[in-house]
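Engineer: Encoded as structure tokens, here's the structure I'll be asking about.
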10 protein chains.
Amino acid sequence: MDRNQVTQKIISTKVAKQLRWADLATQFGQSKEWTTAALLGQMTFSRAQADKAQEIFDLTDEEAAWLQIVPYKGSLPTAVPTDPLIYRWYEIVSVYGTTIKELIHEEFGDGIMSAIDFSMNIQREADPKGDRVQVVLSGKFLPYKSY
Amino acid sequence: MDRNQVTQKIISTKVAKQLRWADLATQFGQSKEWTTAALLGQMTFSRAQADKAQEIFDLTDEEAAWLQIVPYKGSLPTAVPTDPLIYRWYEIVSVYGTTIKELIHEEFGDGIMSAIDFSMNIQREADPKGDRVQVVLSGKFLPYKSY
Amino acid sequence: MDRNQVTQKIISTKVAKQLRWADLATQFGQSKEWTTAALLGQMTFSRAQADKAQEIFDLTDEEAAWLQIVPYKGSLPTAVPTDPLIYRWYEIVSVYGTTIKELIHEEFGDGIMSAIDFSMNIQREADPKGDRVQVVLSGKFLPYKSY
Amino acid sequence: MDRNQVTQKIISTKVAKQLRWADLATQFGQSKEWTTAALLGQMTFSRAQADKAQEIFDLTDEEAAWLQIVPYKGSLPTAVPTDPLIYRWYEIVSVYGTTIKELIHEEFGDGIMSAIDFSMNIQREADPKGDRVQVVLSGKFLPYKSY
Amino acid sequence: MDRNQVTQKIISTKVAKQLRWADLATQFGQSKEWTTAALLGQMTFSRAQADKAQEIFDLTDEEAAWLQIVPYKGSLPTAVPTDPLIYRWYEIVSVYGTTIKELIHEEFGDGIMSAIDFSMNIQREADPKGDRVQVVLSGKFLPYKSY
Amino acid sequence: MDRNQVTQKIISTKVAKQLRWADLATQFGQSKEWTTAALLGQMTFSRAQADKAQEIFDLTDEEAAWLQIVPYKGSLPTAVPTDPLIYRWYEIVSVYGTTIKELIHEEFGDGIMSAIDFSMNIQREADPKGDRVQVVLSGKFLPYKSY
Amino acid sequence: MDRNQVTQKIISTKVAKQLRWADLATQFGQSKEWTTAALLGQMTFSRAQADKAQEIFDLTDEEAAWLQIVPYKGSLPTAVPTDPLIYRWYEIVSVYGTTIKELIHEEFGDGIMSAIDFSMNIQREADPKGDRVQVVLSGKFLPYKSY
Amino acid sequence: MDRNQVTQKIISTKVAKQLRWADLATQFGQSKEWTTAALLGQMTFSRAQADKAQEIFDLTDEEAAWLQIVPYKGSLPTAVPTDPLIYRWYEIVSVYGTTIKELIHEEFGDGIMSAIDFSMNIQREADPKGDRVQVVLSGKFLPYKSY
Amino acid sequence: MDRNQVTQKIISTKVAKQLRWADLATQFGQSKEWTTAALLGQMTFSRAQADKAQEIFDLTDEEAAWLQIVPYKGSLPTAVPTDPLIYRWYEIVSVYGTTIKELIHEEFGDGIMSAIDFSMNIQREADPKGDRVQVVLSGKFLPYKSY
Amino acid sequence: MDRNQVTQKIISTKVAKQLRWADLATQFGQSKEWTTAALLGQMTFSRAQADKAQEIFDLTDEEAAWLQIVPYKGSLPTAVPTDPLIYRWYEIVSVYGTTIKELIHEEFGDGIMSAIDFSMNIQREADPKGDRVQVVLSGKFLPYKSY
């Protein structure tokens, strides 16, 4: 058994029980972003969170134990994603990557925006010309230092 | 001559004249995100914008003409970027890609968040534990339809 | 269980029952292009469409539930397709890609032809020198805007 | 000297002289699709067409000679294109590739739609909800035969 | 079930029954080249040919039905083949590719040698210095045309 | 200086002087296939052949010396060729590769068809339904032996 | 069933029975290099050799039949091997490849060292500073010829 | 300036002066294998060796200085080499890689054959059936140890 | 059965029994680094170590035999790792690779730091600004020598 | 002009002036690791550091300005490095990557070892069996947090 198999079971059960990510997040008491990433096999559960997942998804004890092991992360089957929704994000990195780099460096100096000390919030933004997806990303700035 | 050569000249002149992206944006009367992307060769200039660029960067008429031609977009030299700042964005797509997909689909149904009818805003977010980079992305939701 | 397994069952059943895509489209009341793409795992079914599919392909309730989940799209096993029919389309993109880009930009300005707000129609075009395949693609033009 | 250098000169001159593809096509007496592909280095010119190009783009005799040599075709710098407009076409092949394959085979049997005995027509399709790009592709069906 | 599984069963049965491709070709009344390609999953069987295959390889009705479905073609596991016999053919394309291109264009003008309206004949060529493999390829020339 | 530069000069001169491969072959007293491959930088010239090339293409002594050095072979810019004529050959290897392998092994046992002790002949094959390209390949069979 | 499965069974049985390659070679009456390559699925067995293998590894008749079929060769899972021992050989090709090429051409002219009419011998070379692995490779020189 | 440019000059001068690797090795008092690898940019020269090279190849002081800098090693333009002579070596690694691994481990245990504490000797091996290339590789065995 | 299956069983059992790598190392009497690498399928066990592993992880005799066979090494599913923790190490090689190379060569001359005669020690480094991971790598310097 | 050109000039000047990295570090008052990485184009200079570099390497004002611009990082020409010294580091990541991951997670929980808030120290470690390269890496642990 490995984490992928537990993830597959969770997704399968979610479909069969017709659960929603937003409701699951409420049950875990976490954001819908963290909860979804965790259930999709990218984050590590605490003991209490794993117990909750065990109950919701009818997991065995061994399956619940796997949720508490740090997973090998990376959720995509290819380096350049084929799925159109995810590709658009890859395209943002490709087209705006150097822009993002320049503007962060201009404001903060040399360093990075952390993808670890990081959070994300995905919302509907009502718009008369067609609703929009608004995503707020927040990552700690980590400076390179000379030593 | 091609657009890359104009971009190289713009970057070179910016370094030599010690200009800032934020100030350049003010001169163009556009956001710093669009202005930077455009000057880095990813967007198309109107005639007026090209004239302004010609003046700031001492461009020839032919160089200014190139700015009004739609460029072949994509700003990165490799499919998986090596630069740490840009890689963190690739990592966000890799680790959170399926999460973003699930949450947008749950809220909007099948479709994508546009990377064309799209804007971005990069800000400093003051934080006592270390300032953060906050990025707000806004893209129109475009639904798949059966036909 | 995942969507791929449902797709495999649908294809297998189609072969065993000797069904035709065009007839299936009639049963779904949709174009043969959308219907085929959907049954091949690239589109999302409404509840009513999933019920219809369940009946035609003897699906279980869980299999029918999967049809209503947005799939991870992309139907090809390699980035450059090996199948000669599909490769010819890749070749059109490779040989005529920059031509298509130039002509759309000349007519519409900077932007893209949407692959989401998109439809396709494939027809036989009778020709005394040998019949031809005629394909009409229609995609909404989405302009880049400065902001 | 090679064909790429002639293509670069043609594109450069077109920008400098602010020419349009549609007008150039009229001068060559060919469709705008063929004319653009040819000028972008993908097609071979007849003697008369090369003379015309020489005149329009101020080419040397050697440059005009190169236009009559069959070029090494393929207009894109990477196997998966990064430019958003061209990528959407790659995405159509990726998402609808197996659909196109199934529908052509159902109508014609085993074989391909030719990308050589092929023509293309790109038009604006007026639409109150936003104009659309309409592309008609026509390729001869070539059957596989047993022997 | 898919075509690959039928192909695997055919190969397995051929090994177990110690059949020869040349004899199988005689039974199908086709060339050994077409017959082998078809049994290896690259070509489509007519009803009569599928019946014959069903009999020889003890196929089920569903397996025989699969033989009449156009397969996804491409017989190699990697883009550059590792098997030495097949690699030598890849090497011919790599070393002589531009030569073949130049000579066909010199004789026929711009266009291609079809790989669809195509046949192949593989023979032993007796030679006192060591027998040779002689392969005759015949493909229809298809010209590019301006339009 | 390297061999590529000499090849570029040879091709350039051939275009400027409007020479034909077949005539060049006559001048070298070799087949048009070997001559073309050699002039395209894939084969090694003897002293006499290099002298002849020097005369035809106005080469310097150093350029003629390079023709007698064994070149680094491989004439294509990408592992999977983008040019349609050359791709069709790649496609033959991809679709018929396992067929060729099986039939040579059935006739000769384990081993390969040499791509070194090899010759090729490209001819027009008149055909009322459209002329064909006929290519005869002949390569010595080299057996694997146990030791 | 395919050859890989037979290879897996042979390796598994070798581990379970704690057999040595050198002893197996003695039983087959061949070199340890050929014997190992053959048992690892890269070479073809004669009938007598297959009978011997059947006896040693408790193979079924069908498994023994597979050993007499020419395998699809290539023993590594990736183009650049990750295993350190095998990588060192790849590194020798990478670092010394052009050296080997130059020295063989200087001695023999244009051509190759055959990897088919080829043998290999791996020995321990005692050395007070630490024993060494000595490998002797012998391949027939095959010249390119003009024709 | 970088080492590649020095290597290009050395190769160019060698061609122009019609020098032989074997003679150059004598001048350096080293094996022809080391000498060739060093002159092709893969090894580092001592001061005395660089002086010798400066004299033979008419190098400037700066060029001679570059020979004493450790180069970035790797002599091939692609991960899988296209040149037939070098490819045969890649093929030996591909086909016999697991064999070499098994036999070295059986004799020495876990570890590698060094490609650093390594030497190579390339010789003609006279053979009535056609001369052979004999290559002797000798690399120190380096064991993995538990710690 | 192969080593991967044994590794999977070991990992699975470790999770089920909630064992820690550091405690397992104590049981094997080796460093936690070697022990972990070995249990993850990268190192070879002695007979005594395999007996110990058999006892801890309830392995069968055949599974224990596999632990004593040298494995095919390389622990990552892709050439560029997607997991963020492992990617940071890849990034260190990418960003600091040439730096490491220069500094080792400046101190030791041409050669490498061995990854075979190698050990590693991973420790927590207490720090008031946030604890750090300290890793000490020690590899024997192996010089290139001329010969 | 871009940063690469400045880096090339710095390396070239260093070779011509026979400077040592360790001495340069002293002049900059930084560690030899940071100094080397910075001079090799991976780090950003302060104004004072750029002035110092200008003086040592005879840089123009524009070149010195480039040193203060954050560079696009990544020092290697290929994703898998070919240089043996750097490859050994890639191999450590490949062979020990999962080990490093497990041990850091066991000690610290889910998170990463920073490659930004990071330092490195490379030393000679005297050893009677042959001196060793000792490298100490220190990176801040950054935990993933649920939110």
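In the structure tokens, the first chain shown is A, the next is B, and so on; residue numbers restart at 1 for each chain, and ligands run from 1 in the order shown.
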Pull out every residue of chain I sitting within 12 Å of chain H, counting only C-alpha atoms, and send them as a VMD selection string.

Structural biologist: chain I and resid 25 28 to 38 42 to 46 49 67 to 73 97 to 99 101 to 121 138 to 147

Engineer: Using DSSP on the backbone, list every residue of chain D that comes out as alpha helix (DSSP H), and give them as JSON, numbers by chain.

Structural biologist: {"D": [3, 4, 5, 6, 7, 8, 9, 10, 11, 12, 13, 14, 15, 16, 17, 21, 22, 23, 24, 25, 26, 27, 28, 32, 33, 34, 35, 36, 37, 38, 39, 47, 48, 49, 50, 51, 52, 53, 54, 55, 56, 57, 61, 62, 63, 64, 65, 66, 67, 84, 85, 86, 87, 88, 89, 90, 91, 92, 93, 94, 95, 96, 97, 98, 99, 100, 101, 102, 103, 104, 105, 106, 107, 108]}

Engineer: With a distance cut-off of 9 Å and only C-alpha atoms, select the neighbouring residues of range 89-93 of chain C, excluding the residue or stretch itself and same-chain residues fewer than 4 positions from it, and output the selection as an MDAnalysis selection string.

Structural biologist: (chainID C and resid 80:81 84:85 97:98 100) or (chainID D and resid 74:76 86:87 89:90 93 97 113 115) or (chainID F and resid 82:84)

Engineer: How far is it from CA of Val95 in chain B to CA of Pro77 in chain D, in Å with one decimal?

Structural biologist: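 Atom-to-atom, CA of Val95 in chain B and CA of Pro77 in chain D are spaced 27.8 Å apart.
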